[in-house]
Amino acid sequence: MDKEGGGSMTFQPTMVGGAPAVCNCCGRAATGVGIGDAKEPRFLCQECVLILEQIKRVRRFDPYELEARLGGMEAAGPLVDEFGSDLAEWSEEQVLMFCGAIWKGCADKLREVIRKGEAPF
C-alpha cells in the first residue's frame, strides 16, 4: 500500500551499488538472476538459482521457513557442544560463528525442503 493506505505495494529489492543484495528465497547474498519480472525481480543467490524451477512453485514461504529452522538448530548444535552452553561466556568471534552457522543451516534446509517438492506441513 502507499503511504495513504490505498493503492498497491511496489517491491523494492535491497540494492548495493546498483546490484541486488539479498536472495528472495534464503536471504543470503543475491546475484543478478531473478525469478520475477522487471517490476518485481525477486533476485536469488547462486545456490538458490540451482533450484529456480522449484522455488517458482512455492506460493507461501512461511511453512518452509518453519521447517528450515530445524537446519539452523542442527547447525548450531556442534558449536554449543564445542563452546559450551553459556553464550555469555563466548567471545564475539564465537557468537558470530554461531550466528553464521544458524543462518547457513536455515538456508540450506530451506533449499532442501523446496528441492524435495513436498509441502512441509
# chains A, B, ... in the order shown; residues from 1 in each chain; ligands from 1
>>> residues_around(residues="Gly32 (chain A)", least_positions_apart="3", cutoff="10 Å", atoms="only C-alpha atoms", output="PDB file with all heavy atoms, in the first residue's frame")
ATOM      1  N   ALA A  19      23.331  -3.323  -7.604  1.00  0.00           N
ATOM      2  CA  ALA A  19      23.170  -4.771  -7.773  1.00  0.00           C
ATOM      3  C   ALA A  19      22.315  -5.318  -6.631  1.00  0.00           C
ATOM      4  O   ALA A  19      22.326  -4.776  -5.529  1.00  0.00           O
ATOM      5  CB  ALA A  19      24.537  -5.454  -7.773  1.00  0.00           C
ATOM      6  N   PRO A  20      21.564  -6.390  -6.892  1.00  0.00           N
ATOM      7  CA  PRO A  20      20.742  -6.974  -5.823  1.00  0.00           C
ATOM      8  C   PRO A  20      21.618  -7.480  -4.690  1.00  0.00           C
ATOM      9  O   PRO A  20      22.693  -8.007  -4.915  1.00  0.00           O
ATOM     10  CB  PRO A  20      20.016  -8.129  -6.516  1.00  0.00           C
ATOM     11  CG  PRO A  20      20.876  -8.452  -7.690  1.00  0.00           C
ATOM     12  CD  PRO A  20      21.513  -7.162  -8.117  1.00  0.00           C
ATOM     13  N   ALA A  21      21.146  -7.303  -3.457  1.00  0.00           N
ATOM     14  CA  ALA A  21      21.954  -7.670  -2.302  1.00  0.00           C
ATOM     15  C   ALA A  21      21.434  -8.893  -1.558  1.00  0.00           C
ATOM     16  O   ALA A  21      22.206  -9.609  -0.946  1.00  0.00           O
ATOM     17  CB  ALA A  21      22.049  -6.486  -1.345  1.00  0.00           C
ATOM     18  N   CYS A  23      18.983 -12.454  -1.389  1.00  0.00           N
ATOM     19  CA  CYS A  23      18.227 -13.504  -2.074  1.00  0.00           C
ATOM     20  C   CYS A  23      16.783 -13.495  -1.594  1.00  0.00           C
ATOM     21  O   CYS A  23      16.516 -13.476  -0.401  1.00  0.00           O
ATOM     22  CB  CYS A  23      18.877 -14.861  -1.791  1.00  0.00           C
ATOM     23  SG  CYS A  23      17.988 -16.259  -2.520  1.00  0.00           S
ATOM     24  N   PRO A  41      11.649  -8.166  -9.410  1.00  0.00           N
ATOM     25  CA  PRO A  41      12.650  -9.104  -9.929  1.00  0.00           C
ATOM     26  C   PRO A  41      12.906 -10.345  -9.081  1.00  0.00           C
ATOM     27  O   PRO A  41      13.260 -11.378  -9.615  1.00  0.00           O
ATOM     28  CB  PRO A  41      13.918  -8.256 -10.027  1.00  0.00           C
ATOM     29  CG  PRO A  41      13.671  -7.073  -9.196  1.00  0.00           C
ATOM     30  CD  PRO A  41      12.206  -6.883  -9.080  1.00  0.00           C
ATOM     31  N   ARG A  42      12.740 -10.287  -7.768  1.00  0.00           N
ATOM     32  CA  ARG A  42      12.944 -11.430  -6.880  1.00  0.00           C
ATOM     33  C   ARG A  42      14.282 -12.130  -7.160  1.00  0.00           C
ATOM     34  O   ARG A  42      14.331 -13.278  -7.570  1.00  0.00           O
ATOM     35  CB  ARG A  42      11.768 -12.401  -6.984  1.00  0.00           C
ATOM     36  CG  ARG A  42      10.474 -11.764  -6.514  1.00  0.00           C
ATOM     37  CD  ARG A  42       9.236 -12.589  -6.721  1.00  0.00           C
ATOM     38  NE  ARG A  42       9.411 -13.976  -6.369  1.00  0.00           N
ATOM     39  CZ  ARG A  42       8.735 -14.958  -6.928  1.00  0.00           C
ATOM     40  NH1 ARG A  42       7.845 -14.713  -7.850  1.00  0.00           N
ATOM     41  NH2 ARG A  42       8.942 -16.197  -6.552  1.00  0.00           N
ATOM     42  N   PHE A  43      15.377 -11.427  -6.885  1.00  0.00           N
ATOM     43  CA  PHE A  43      16.720 -11.948  -7.117  1.00  0.00           C
ATOM     44  C   PHE A  43      17.040 -13.127  -6.215  1.00  0.00           C
ATOM     45  O   PHE A  43      16.521 -13.244  -5.112  1.00  0.00           O
ATOM     46  CB  PHE A  43      17.752 -10.839  -6.897  1.00  0.00           C
ATOM     47  CG  PHE A  43      17.627  -9.717  -7.876  1.00  0.00           C
ATOM     48  CD1 PHE A  43      17.174  -8.473  -7.481  1.00  0.00           C
ATOM     49  CD2 PHE A  43      17.956  -9.905  -9.215  1.00  0.00           C
ATOM     50  CE1 PHE A  43      17.060  -7.432  -8.386  1.00  0.00           C
ATOM     51  CE2 PHE A  43      17.845  -8.877 -10.127  1.00  0.00           C
ATOM     52  CZ  PHE A  43      17.392  -7.633  -9.709  1.00  0.00           C
ATOM     53  N   LEU A  44      17.931 -14.011  -6.698  1.00  0.00           N
ATOM     54  CA  LEU A  44      18.319 -15.216  -5.977  1.00  0.00           C
ATOM     55  C   LEU A  44      19.835 -15.275  -5.797  1.00  0.00           C
ATOM     56  O   LEU A  44      20.580 -14.693  -6.577  1.00  0.00           O
ATOM     57  CB  LEU A  44      17.862 -16.464  -6.741  1.00  0.00           C
ATOM     58  CG  LEU A  44      16.372 -16.595  -6.995  1.00  0.00           C
ATOM     59  CD1 LEU A  44      16.101 -17.784  -7.905  1.00  0.00           C
ATOM     60  CD2 LEU A  44      15.600 -16.712  -5.705  1.00  0.00           C
ATOM     61  N   CYS A  45      20.278 -16.037  -4.790  1.00  0.00           N
ATOM     62  CA  CYS A  45      21.703 -16.297  -4.608  1.00  0.00           C
ATOM     63  C   CYS A  45      22.120 -17.421  -5.555  1.00  0.00           C
ATOM     64  O   CYS A  45      21.272 -18.064  -6.190  1.00  0.00           O
ATOM     65  CB  CYS A  45      22.008 -16.682  -3.156  1.00  0.00           C
ATOM     66  SG  CYS A  45      21.372 -18.304  -2.667  1.00  0.00           S
ATOM     67  N   GLN A  46      23.417 -17.664  -5.639  1.00  0.00           N
ATOM     68  CA  GLN A  46      23.916 -18.709  -6.551  1.00  0.00           C
ATOM     69  C   GLN A  46      23.338 -20.076  -6.219  1.00  0.00           C
ATOM     70  O   GLN A  46      23.019 -20.857  -7.117  1.00  0.00           O
ATOM     71  CB  GLN A  46      25.441 -18.767  -6.497  1.00  0.00           C
ATOM     72  CG  GLN A  46      26.098 -17.566  -7.105  1.00  0.00           C
ATOM     73  CD  GLN A  46      27.612 -17.618  -7.014  1.00  0.00           C
ATOM     74  OE1 GLN A  46      28.177 -18.403  -6.269  1.00  0.00           O
ATOM     75  NE2 GLN A  46      28.274 -16.771  -7.775  1.00  0.00           N
TER      76      GLN A  46
END
>>> select_by_dssp(residues="chain A", states="alpha helix (DSSP H)", output="MDAnalysis selection string")
chainID A and resid 46:49 52:57 62:83 92:116
>>> residues_around(residues="Pro78 (chain A)", least_positions_apart="6", cutoff="12 Å", atoms="only C-alpha atoms", output="PyMOL selection string")
chain A and resi 72+84-85+97-98+101-102+105
>>> write_last_selection(atoms="all heavy atoms", output="tab-separated table (two decimals), in the first residue's frame")
chain	number	residue	atom	x	y	z
A	72	GLY	N	18.88	-24.72	11.06
A	72	GLY	CA	19.65	-23.80	11.88
A	72	GLY	C	19.98	-24.39	13.23
A	72	GLY	O	21.11	-24.26	13.73
A	84	GLY	N	30.38	-24.53	24.71
A	84	GLY	CA	29.63	-24.54	25.96
A	84	GLY	C	28.27	-23.90	25.79
A	84	GLY	O	28.03	-23.16	24.85
A	85	SER	N	27.39	-24.16	26.73
A	85	SER	CA	26.00	-23.70	26.59
A	85	SER	C	25.76	-22.29	27.13
A	85	SER	O	24.68	-21.73	26.94
A	85	SER	CB	25.05	-24.68	27.28
A	85	SER	OG	25.38	-24.77	28.65
A	97	MET	N	30.37	-16.79	14.66
A	97	MET	CA	30.39	-18.11	14.03
A	97	MET	C	29.06	-18.83	14.25
A	97	MET	O	28.52	-19.47	13.35
A	97	MET	CB	31.54	-18.95	14.62
A	97	MET	CG	32.92	-18.50	14.19
A	97	MET	SD	34.25	-19.34	15.08
A	97	MET	CE	33.90	-21.06	14.73
A	98	PHE	N	28.53	-18.71	15.45
A	98	PHE	CA	27.26	-19.33	15.82
A	98	PHE	C	26.12	-18.77	14.96
A	98	PHE	O	25.35	-19.54	14.37
A	98	PHE	CB	27.01	-19.05	17.31
A	98	PHE	CG	25.75	-19.63	17.87
A	98	PHE	CD1	25.60	-20.99	18.05
A	98	PHE	CD2	24.71	-18.79	18.26
A	98	PHE	CE1	24.45	-21.52	18.61
A	98	PHE	CE2	23.55	-19.31	18.81
A	98	PHE	CZ	23.41	-20.67	18.98
A	101	ALA	N	26.46	-19.96	11.40
A	101	ALA	CA	26.08	-21.38	11.26
A	101	ALA	C	24.56	-21.53	11.24
A	101	ALA	O	24.02	-22.31	10.43
A	101	ALA	CB	26.67	-22.19	12.41
A	102	ILE	N	23.88	-20.79	12.09
A	102	ILE	CA	22.41	-20.85	12.11
A	102	ILE	C	21.84	-20.36	10.79
A	102	ILE	O	20.98	-21.00	10.19
A	102	ILE	CB	21.85	-20.04	13.29
A	102	ILE	CG1	22.20	-20.72	14.62
A	102	ILE	CG2	20.34	-19.86	13.16
A	102	ILE	CD1	21.87	-19.91	15.84
A	105	GLY	N	22.63	-22.84	8.07
A	105	GLY	CA	21.85	-24.06	8.30
A	105	GLY	C	20.40	-23.89	7.91
A	105	GLY	O	19.81	-24.79	7.28
>>> atom_distance(atom1="CA of Ala76 (chain A)", atom2="CA of Ala88 (chain A)")
15.7 Å
>>> select_by_dssp(residues="chain A", states="strand (DSSP E)", output="list in words")
Met15, Val16, Ala19 and Pro20 of chain A
>>> write_last_selection(atoms="all heavy atoms", output="compact mmCIF listing (two decimals), in the first residue's frame")
# COMPACT_ATOMS: atom_id res chain seq x y z
N MET A 15 19.36 -3.15 -2.61
CA MET A 15 20.41 -2.97 -3.61
C MET A 15 21.67 -2.42 -2.95
O MET A 15 21.60 -1.64 -2.02
CB MET A 15 19.95 -2.01 -4.70
CG MET A 15 18.64 -2.38 -5.38
SD MET A 15 18.76 -3.84 -6.39
CE MET A 15 19.42 -3.15 -7.87
N VAL A 16 22.81 -2.84 -3.47
CA VAL A 16 24.10 -2.30 -3.07
C VAL A 16 24.86 -2.00 -4.35
O VAL A 16 25.14 -2.90 -5.12
CB VAL A 16 24.89 -3.29 -2.19
CG1 VAL A 16 26.28 -2.76 -1.92
CG2 VAL A 16 24.16 -3.57 -0.90
N ALA A 19 23.33 -3.32 -7.60
CA ALA A 19 23.17 -4.77 -7.77
C ALA A 19 22.32 -5.32 -6.63
O ALA A 19 22.33 -4.78 -5.53
CB ALA A 19 24.54 -5.45 -7.77
N PRO A 20 21.56 -6.39 -6.89
CA PRO A 20 20.74 -6.97 -5.82
C PRO A 20 21.62 -7.48 -4.69
O PRO A 20 22.69 -8.01 -4.91
CB PRO A 20 20.02 -8.13 -6.52
CG PRO A 20 20.88 -8.45 -7.69
CD PRO A 20 21.51 -7.16 -8.12
>>> residues_around(residues="region 109-112 of chain A", least_positions_apart="4", cutoff="8 Å", atoms="only C-alpha atoms", output="list in words")
Cys26, Cys48, Ile51, Tyr64, Glu65, Glu67, Ala68, Arg69, Leu70, Gly71, Gly72, Gly105 and Lys116 of chain A
>>> closest_residue(among="A:Val58, A:Ala29, A:Cys99, A:Val113", to="Gly77 (chain A)", atoms="only C-alpha atoms")
A:Cys99
